[in-house]
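Working notes for the structure below.
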Amino acid sequence: MSVAGKQPPPAPLERPGSLLVPTWTKTSIALLYDEVSENAYDIRLKLTKEVLTIQKQDVVCVSGSDHSANHRTVTLRRQPVGGLGLSIKGGAEHKVPVVISKIFKDQAADQTGMLFIGDAIIQVNGINVESATHEEVVHLLRNAGDEVTITVQYLREAPSFLKLPLGSPGPSSDHSSGASSPLFDSGLHLNGNSTNTAPSSPSSPIANEPKYEKRWLDTLSVPLSMARISRYKAGTDKLRSNAFEVLALDGVSTGILQFYTAQESADWLRAISTNISDLTLQNMKMANKCCSPSDQVIHMGWVNERLDGTDSSQLYKFKFLALKGSSFYIFSTPPSKTYMCSWQGDTLCFTVDFALGFTCFDSKTKNVLWRFKFSQLKGSSDDGKTRVKLLFQNLDTKQIETKELEFQDLTAVLHCIHSFIAAKVASVDPVFIDSQSIARKYMYSN
């Protein structure tokens, strides 16, 4: 898919002081591709060591009272030169709304301080135009008189061809001679037939009116610990062009991230892959603290398994591999550990899972009795033999719930819980690992 207009330059990687340290942070403009509509939407990506964040632009009220929520109603005074001072694209004939695609500096629309490129026009002088064609909206604006009141709403997911890329220059050629096209700017011919010969007063904002700004807002954060990257088109063995998808451990997806150039796509792919690999190494380090030297985790990560048969809609399936000691493990998801246990005469199973947390279920019926996230564990105690008490906080009631279980090898269970929690914390706060190492050195030296 081509992207019209000048492409924004890719943001450089922010490198640490030493080139031996992996690059962890990066920010730049990209596109989010929708395979259903085959449209791409402007987004901004922010990469840190632990998280990939997707931001979308929106118009927010920064001062004054915002009475109209997402809608803004603005009155424009048509100028003899420059008209309304804006251009529009889109229309119902292309199944997209009419959107402001240009705002000309120091002209009527710009002077209001309340209109932005990407605003979808909802009403013109009280007439709803959400289902109107491009030419119908042009006609309304052209013949609306010297004072035009429009209601707009910022379209966060406007197809990229409806908006000019950031930093694009001002007005294009005059379109006053002919019919307009919904995929090209209709702007300068919106001057209309002004009845005033003297210049109108500027369309400036009133002092007590709300003030708006266009800002990038976080819409999705994808944790990179145990995440995976897919470059293939769904159901095929074909690689995407300058695009890929990042999937978190819990299945949350960024969607298809599309980039303007092959170089920019390769830079982002390398940066995200580096961070995922670094977090994986940290998780291995924590797991190995509870393993003997001959039973260390040597490698773990995602691979693609090709499925048998060519008629399958899914040619490949992700598998998680781990090399531990002399053993080779294949998982459908990253590892979890299940222990047999009992309570009040019932035989139960207790599972510690990196993604789900703690789960207890009946060993016969497999019915889940309770499940808590790692973050809900607020404390624990044990008798040093077989019995342990786990204290979880209920997310709804905020009350502490006590769960008691008995294990044959309690020490192994407690070591496992500690390893999973430490790995989970490490993926969110790597400084935690260093602080624990310092604390241990201090203890041993004293």
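Residues are referred to by chain and number: the chain letter is A, B, ... according to the order shown in the structure tokens, the number counts from 1 in that chain, and ligands are numbered separately from 1 in the order shown.
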
List the spatial neighbours of A:Asn394 as a short mmCIF file (atom, residue, chain, number, x, y, z; two decimals) with N, CA, C and O atoms, in the first residue's frame - criterion: any atom at most 10 Å away, only C-alpha atoms, same-chain residues fewer than 3 positions off excluded.
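Just written: selection30.cif:
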data_model
loop_
_atom_site.label_atom_id
_atom_site.label_comp_id
_atom_site.auth_asym_id
_atom_site.auth_seq_id
_atom_site.Cartn_x
_atom_site.Cartn_y
_atom_site.Cartn_z
N PHE A 372 -5.36 -16.71 40.75
CA PHE A 372 -4.91 -15.38 41.11
C PHE A 372 -3.67 -15.01 40.30
O PHE A 372 -2.86 -15.87 39.95
N GLN A 376 -1.43 -10.39 42.86
CA GLN A 376 -2.42 -10.51 43.93
C GLN A 376 -1.85 -11.24 45.16
O GLN A 376 -2.49 -11.24 46.21
N LEU A 377 -0.69 -11.86 45.02
CA LEU A 377 -0.07 -12.54 46.17
C LEU A 377 0.52 -11.49 47.10
O LEU A 377 1.46 -10.79 46.76
N LEU A 391 -1.60 -15.84 50.76
CA LEU A 391 -2.54 -14.74 51.01
C LEU A 391 -2.70 -13.92 49.73
O LEU A 391 -1.74 -13.29 49.25
N THR A 397 -13.20 -7.01 45.95
CA THR A 397 -13.52 -6.61 47.34
C THR A 397 -12.33 -6.00 48.06
O THR A 397 -12.50 -5.39 49.12
N LYS A 398 -11.11 -6.19 47.50
CA LYS A 398 -9.86 -5.75 48.13
C LYS A 398 -9.57 -6.48 49.44
O LYS A 398 -8.67 -6.10 50.18
N GLN A 399 -10.33 -7.53 49.72
CA GLN A 399 -10.13 -8.31 50.93
C GLN A 399 -9.07 -9.40 50.69
O GLN A 399 -8.87 -9.85 49.56
N ILE A 400 -8.40 -9.80 51.77
CA ILE A 400 -7.39 -10.85 51.69
C ILE A 400 -8.04 -12.22 51.81
O ILE A 400 -8.84 -12.46 52.73
N GLU A 401 -7.74 -13.10 50.88
CA GLU A 401 -8.25 -14.47 50.90
C GLU A 401 -7.07 -15.42 51.18
O GLU A 401 -6.03 -15.32 50.54
#

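Shortest atom-to-atom contact with A:Gln123 among A:Ser28, A:Ser381, A:Gln111, A:Thr73: A:Thr73, counting only C-alpha atoms.
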
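Among the candidates A:Asn304, A:Ser327, A:Gln408, A:Gln282, the one nearest to A:Tyr339 when counting only C-alpha atoms is A:Gln408.
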
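The smallest atom-to-atom distance between A:Ser294 and any of A:Arg371, A:Lys324, A:Lys366, A:Arg156, using only C-alpha atoms, is found for A:Lys324.
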
Taking only C-alpha atoms into account, which of A:Leu247, A:Leu32, A:Leu141, A:Ala287 comes nearest A:Tyr260?
A:Leu32

Figure out the distance between atom CA of A:Thr48 and atom CA of A:Arg228, please, to one decimal in Å.
15.8 Å

Counting only C-alpha atoms, closest pick from A:Gly82, A:Gly255, A:Gly118, A:Pro210 relative to A:Val222 is A:Gly255

Using only C-alpha atoms, determine which residues lie at most 8 Å from A:Phe331, disregarding the query and same-chain residues fewer than 2 positions distant; provide the list as a ChimeraX atom specification.
/A:319-321,329,333-335

Using only C-alpha atoms, determine which residues lie at most 6 Å from stretch 91-107 of chain A, disregarding the query and same-chain residues fewer than 6 positions distant; provide the list as an MDAnalysis selection string.
chainID A and resid 85 117:121 131:134 163 182

As a VMD selection string, please: the residues near A:Asp295 (cut-off 10 Å, only C-alpha atoms, same-chain neighbours under 5 positions excluded).
chain A and resid 288 290 323 to 327

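Distances here use only C-alpha atoms; by that measure, the residue among A:Thr280, A:Thr411, A:Ser332, A:Thr53 closest to A:Ser221 is A:Thr53.
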
If you run DSSP over the backbone, which residues in stretch 81-167 of chain A end up strand (DSSP E)? Put them as a PyMOL selection string.
chain A and resi 86-91+96-103+119-124+127-128+147-154

I'd like the neighbourhood of A:Ala271 as a list of chain:residue names, where a residue qualifies if any of its atoms comes within 8 Å (using only C-alpha atoms), though same-chain residues fewer than 4 positions away should be ignored.
A:Thr23, A:Trp24, A:Lys26, A:Asp267, A:Asn275

With C-alpha atoms retained, export the selected residues as a PDB file, in the first residue's frame.
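For reference, part36.pdb as written:
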ATOM      1  CA  THR A  23      19.838  -0.276  22.390  1.00  0.00           C
ATOM      2  CA  TRP A  24      16.592  -0.210  24.334  1.00  0.00           C
ATOM      3  CA  LYS A  26      13.255   4.200  20.137  1.00  0.00           C
ATOM      4  CA  ASP A 267      15.715  -1.084  12.453  1.00  0.00           C
ATOM      5  CA  ASN A 275      14.851  -6.262  23.882  1.00  0.00           C
TER       6      ASN A 275
END
